[in-house]
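Text of coords21.pdb, listed as PDB, C-alpha atoms:
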ATOM      1  CA  MET A   1      98.502  66.469  16.915
ATOM      2  CA  PRO A   2      95.042  65.115  17.862
ATOM      3  CA  SER A   3      93.457  68.535  17.392
ATOM      4  CA  ASP A   4      94.775  68.707  13.798
ATOM      5  CA  PHE A   5      93.297  65.267  13.106
ATOM      6  CA  LEU A   6      89.910  66.300  14.529
ATOM      7  CA  ARG A   7      89.928  69.514  12.500
ATOM      8  CA  ARG A   8      90.535  67.588   9.251
ATOM      9  CA  LYS A   9      87.907  65.015  10.203
ATOM     10  CA  THR A  10      85.222  67.636  10.835
ATOM     11  CA  LYS A  11      86.052  69.353   7.520
ATOM     12  CA  ALA A  12      85.609  66.015   5.724
ATOM     13  CA  MET A  13      82.313  65.356   7.515
ATOM     14  CA  ASP A  14      81.053  68.844   6.591
ATOM     15  CA  ALA A  15      81.956  68.185   2.948
ATOM     16  CA  ILE A  16      80.064  64.876   3.000
ATOM     17  CA  LYS A  17      76.971  66.526   4.498
ATOM     18  CA  PHE A  18      77.152  69.294   1.875
ATOM     19  CA  VAL A  19      77.247  66.765  -0.985
ATOM     20  CA  GLU A  20      74.412  64.720   0.576
ATOM     21  CA  GLN A  21      72.209  67.829   0.708
ATOM     22  CA  ASP A  22      72.784  68.430  -3.008
ATOM     23  CA  PHE A  23      71.740  64.895  -3.936
ATOM     24  CA  ASN A  24      68.807  64.742  -1.537
ATOM     25  CA  GLU A  25      65.649  65.584  -3.443
ATOM     26  CA  THR A  26      62.958  66.320  -0.904
ATOM     27  CA  LYS A  27      59.902  64.135  -1.423
ATOM     28  CA  GLU A  28      56.751  64.619   0.567
ATOM     29  CA  LEU A  29      56.883  61.647   2.937
ATOM     30  CA  PRO A  30      54.292  60.906   5.626
ATOM     31  CA  ASN A  31      55.203  60.800   9.293
ATOM     32  CA  PHE A  32      55.420  57.159  10.342
ATOM     33  CA  SER A  33      57.249  55.106  12.933
ATOM     34  CA  ALA A  34      57.558  51.557  14.250
ATOM     35  CA  GLY A  35      54.190  49.865  14.721
ATOM     36  CA  ASP A  36      52.448  51.689  11.886
ATOM     37  CA  THR A  37      50.910  49.722   9.016
ATOM     38  CA  VAL A  38      52.058  51.178   5.709
ATOM     39  CA  SER A  39      51.655  50.508   1.997
ATOM     40  CA  VAL A  40      54.863  51.121   0.063
ATOM     41  CA  SER A  41      54.461  51.471  -3.709
ATOM     42  CA  TYR A  42      57.785  50.851  -5.429
ATOM     43  CA  LYS A  43      58.891  50.567  -9.027
ATOM     44  CA  ILE A  44      60.077  47.234 -10.424
ATOM     45  CA  LYS A  45      61.952  46.928 -13.705
ATOM     46  CA  GLU A  46      61.387  43.729 -15.663
ATOM     47  CA  GLY A  47      63.339  43.807 -18.883
ATOM     48  CA  ASN A  48      62.434  47.093 -20.556
ATOM     49  CA  LYS A  49      59.089  47.395 -18.746
ATOM     50  CA  GLU A  50      58.484  49.163 -15.465
ATOM     51  CA  ARG A  51      55.575  48.541 -13.110
ATOM     52  CA  ILE A  52      54.551  49.539  -9.597
ATOM     53  CA  GLN A  53      54.104  46.922  -6.885
ATOM     54  CA  VAL A  54      52.647  47.533  -3.427
ATOM     55  CA  PHE A  55      54.161  46.004  -0.276
ATOM     56  CA  GLN A  56      51.835  46.368   2.723
ATOM     57  CA  GLY A  57      52.924  45.509   6.242
ATOM     58  CA  THR A  58      53.996  46.724   9.669
ATOM     59  CA  VAL A  59      57.028  48.957  10.105
ATOM     60  CA  ILE A  60      59.315  47.186  12.570
ATOM     61  CA  GLN A  61      62.152  49.714  12.550
ATOM     62  CA  ARG A  62      63.550  52.933  11.142
ATOM     63  CA  ARG A  63      67.277  53.451  11.211
ATOM     64  CA  GLY A  64      69.879  55.906  10.002
ATOM     65  CA  ASN A  65      69.351  59.561   9.210
ATOM     66  CA  GLY A  66      69.448  61.883   6.253
ATOM     67  CA  VAL A  67      70.137  60.235   2.916
ATOM     68  CA  ASN A  68      71.064  56.938   4.578
ATOM     69  CA  GLU A  69      67.749  56.421   6.396
ATOM     70  CA  THR A  70      66.021  53.066   5.900
ATOM     71  CA  PHE A  71      62.908  51.391   7.240
ATOM     72  CA  THR A  72      61.946  47.726   7.497
ATOM     73  CA  VAL A  73      58.435  46.514   6.730
ATOM     74  CA  ARG A  74      57.183  43.058   7.768
ATOM     75  CA  LYS A  75      54.154  41.172   6.504
ATOM     76  CA  VAL A  76      52.954  37.578   6.755
ATOM     77  CA  SER A  77      52.349  36.070   3.340
ATOM     78  CA  GLY A  78      51.106  32.499   3.067
ATOM     79  CA  GLY A  79      51.979  31.764   6.693
ATOM     80  CA  MET A  80      55.578  32.890   6.119
ATOM     81  CA  GLY A  81      56.990  36.136   7.496
ATOM     82  CA  VAL A  82      58.466  38.413   4.837
ATOM     83  CA  GLU A  83      60.568  41.476   5.654
ATOM     84  CA  ARG A  84      61.808  44.072   3.245
ATOM     85  CA  VAL A  85      64.208  46.954   3.876
ATOM     86  CA  PHE A  86      63.519  50.151   1.937
ATOM     87  CA  PRO A  87      65.839  53.150   1.660
ATOM     88  CA  LEU A  88      63.639  56.121   2.578
ATOM     89  CA  HIS A  89      64.943  58.449  -0.133
ATOM     90  CA  SER A  90      65.167  55.828  -2.886
ATOM     91  CA  PRO A  91      64.064  56.946  -6.368
ATOM     92  CA  SER A  92      62.397  53.531  -6.816
ATOM     93  CA  ILE A  93      59.842  54.305  -4.069
ATOM     94  CA  ASP A  94      56.775  55.818  -5.700
ATOM     95  CA  SER A  95      54.721  56.528  -2.578
ATOM     96  CA  ILE A  96      54.260  55.591   1.068
ATOM     97  CA  LYS A  97      50.775  55.540   2.572
ATOM     98  CA  VAL A  98      50.113  55.124   6.304
ATOM     99  CA  ASN A  99      47.069  52.844   6.726
ATOM    100  CA  LYS A 100      47.003  52.535  10.536
ATOM    101  CA  GLU A 101      49.011  54.115  13.322
ATOM    102  CA  GLY A 102      50.124  51.586  15.901
ATOM    103  CA  SER A 103      50.816  52.224  19.541
ATOM    104  CA  VAL A 104      54.086  50.543  20.600
ATOM    105  CA  ARG A 105      56.584  51.359  23.317
ATOM    106  CA  ARG A 106      59.734  50.536  21.391
ATOM    107  CA  ALA A 107      61.508  51.945  18.360
ATOM    108  CA  ARG A 108      62.404  48.482  17.063
ATOM    109  CA  ILE A 109      59.762  45.814  17.454
ATOM    110  CA  PHE A 110      61.681  42.673  16.515
ATOM    111  CA  TYR A 111      59.653  40.692  19.058
ATOM    112  CA  LEU A 112      56.921  40.434  16.394
ATOM    113  CA  ARG A 113      59.079  37.884  14.566
ATOM    114  CA  ASP A 114      58.503  35.297  17.295
ATOM    115  CA  ARG A 115      54.767  35.863  17.620
ATOM    116  CA  THR A 116      51.789  34.609  15.665
ATOM    117  CA  GLY A 117      48.032  35.077  15.901
ATOM    118  CA  LYS A 118      46.540  37.339  18.538
ATOM    119  CA  SER A 119      49.849  38.012  20.306
ATOM    120  CA  ALA A 120      51.223  39.549  17.095
ATOM    121  CA  ARG A 121      48.559  42.254  17.059
ATOM    122  CA  ILE A 122      49.447  45.884  17.664
ATOM    123  CA  LYS A 123      47.091  48.293  19.409
ATOM    124  CA  GLU A 124      45.861  51.122  17.248
ATOM    125  CA  LYS A 125      46.652  54.659  18.342
ATOM    126  CA  ILE A 126      43.639  56.537  19.607
ATOM    127  CA  VAL A 127      43.402  59.858  17.833
ATOM    128  CA  VAL A 128      41.773  62.605  19.881
ATOM    129  CA  LYS A 129      40.054  65.215  17.727
ATOM    130  CA  LYS A 130      39.855  68.740  19.102
TER     131      LYS A 130
END
Can you dump the structure from the file as structure tokens?
Amino acid sequence: MPSDFLRRKTKAMDAIKFVEQDFNETKELPNFSAGDTVSVSYKIKEGNKERIQVFQGTVIQRRGNGVNETFTVRKVSGGMGVERVFPLHSPSIDSIKVNKEGSVRRARIFYLRDRTGKSARIKEKIVVKK
């Protein structure tokens, strides 16, 4: 009985992955991870007008995979921390630009939320040119 259940479950999962691949339009996205400073340009609809707004901050996490992948960007605006979660494959994202590559030891750097000033800085990755 359990083997029949597992067989049906894997067939359903394969069908879901197949449908996700059809809907996934491949955009050229830069390689970025937690600790990097990015500028995300995304489309905002106001009434019948559409404009592009830029959100610049530090990536504090990436989660999920495939079509469901999201990333969280944090910036300090007017002394107040602001975080925004973006779906990676969203049609409302116009572009993502990596401004600085940070060197962190963790995949999720939530400890930045508690820090201000110098302790909230992230070391920049040293790029060795060959």
message: Using the chain letters and numbers from this file, what does the PyMOL selection byres ((chain A and resi 60) around 7) select? Give the answer as an NGL selection string.
response: :A and (34-35 or 58-59 or 61 or 72-74 or 108-110)
task: Return the single residue from A:Leu88, A:Ile93, A:Ile126, A:Ala15 that is closest to Phe32 (chain A), with distances computed using all atoms listed in the file.
output: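 Under the stated criterion, the closest residue is A:Leu88.
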message: Using all atoms listed in the file, can you tell me which of A:Gly117, A:Thr10, A:Ser33, A:Val127 comes closest to Gly79 (chain A)?
response: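 Nearest candidate to Gly79 (chain A) out of A:Gly117, A:Thr10, A:Ser33, A:Val127: A:Gly117.
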message: If we count only C-alpha atoms and set the cut-off at 10 Å, which residues sit around Phe55 (chain A), ignoring sequence neighbours fewer than 4 positions away in its own chain? Please answer as a list in words.
response: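 Near Phe55 (chain A), the qualifying residues are Val38, Ser39, Val40, Ser41, Tyr42, Val73, Arg74, Lys75, Glu83, Arg84 and Ile96 of chain A.
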- request: For Ser92 (chain A), work out the shell of residues within 12 Å, counting all atoms listed in the file and skipping chain neighbours fewer than 6 positions away, then give it as a VMD selection string.
  value: chain A and resid 40 to 45 50 to 54 86
task: Name the residues in contact with Pro87 (chain A) at a cut-off of 8 Å, using all atoms listed in the file, excluding same-chain residues fewer than 5 positions from it; report them as a ChimeraX atom specification.
output: /A:68-71
- request: Report the distance between CA of Glu28 (chain A) and CA of Ser95 (chain A) in Å, rounded to one decimal place.
  value: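 Spanning CA of Glu28 (chain A) to CA of Ser95 (chain A) is a straight-line distance of 8.9 Å.
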- prompt: For Thr37 (chain A), which of A:Ser90, A:Ser103, A:Ser77, A:Asn65 is the closest residue, counting all atoms listed in the file?
  reply: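 For Thr37 (chain A), the nearest of the candidates is A:Ser103.
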message: One decimal, in Å: what's the spacing between CA of Glu124 (chain A) and CA of Gly57 (chain A)?
response: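 Atom-to-atom, CA of Glu124 (chain A) and CA of Gly57 (chain A) are spaced 14.2 Å apart.
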task: Give me, please, the distance in Å between CA of Glu101 (chain A) and CA of Ala120 (chain A), quoted to one decimal.
output: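 Between CA of Glu101 (chain A) and CA of Ala120 (chain A) the gap works out to 15.2 Å.
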message: From the options A:Val67, A:Leu112, A:Val98, A:Leu29, which residue's atoms come nearest to Lys17 (chain A), counting all atoms listed in the file?
response: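 Using all atoms listed in the file, Lys17 (chain A) sits closest to A:Val67.
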task: Using only C-alpha atoms, find the one residue out of A:Thr116, A:Lys97, A:Met13, A:Asn31 that sits nearest to Arg62 (chain A).
output: A:Asn31
Provide an axis-aligned box for all listed atoms of region 104-121 of chain A, padding each side by 5 Å; report its centre and its edge lengths in Å to one decimal, as JSON.
{"center_x": 54.5, "center_y": 43.3, "center_z": 18.9, "size_x": 25.9, "size_y": 27.3, "size_z": 18.8}
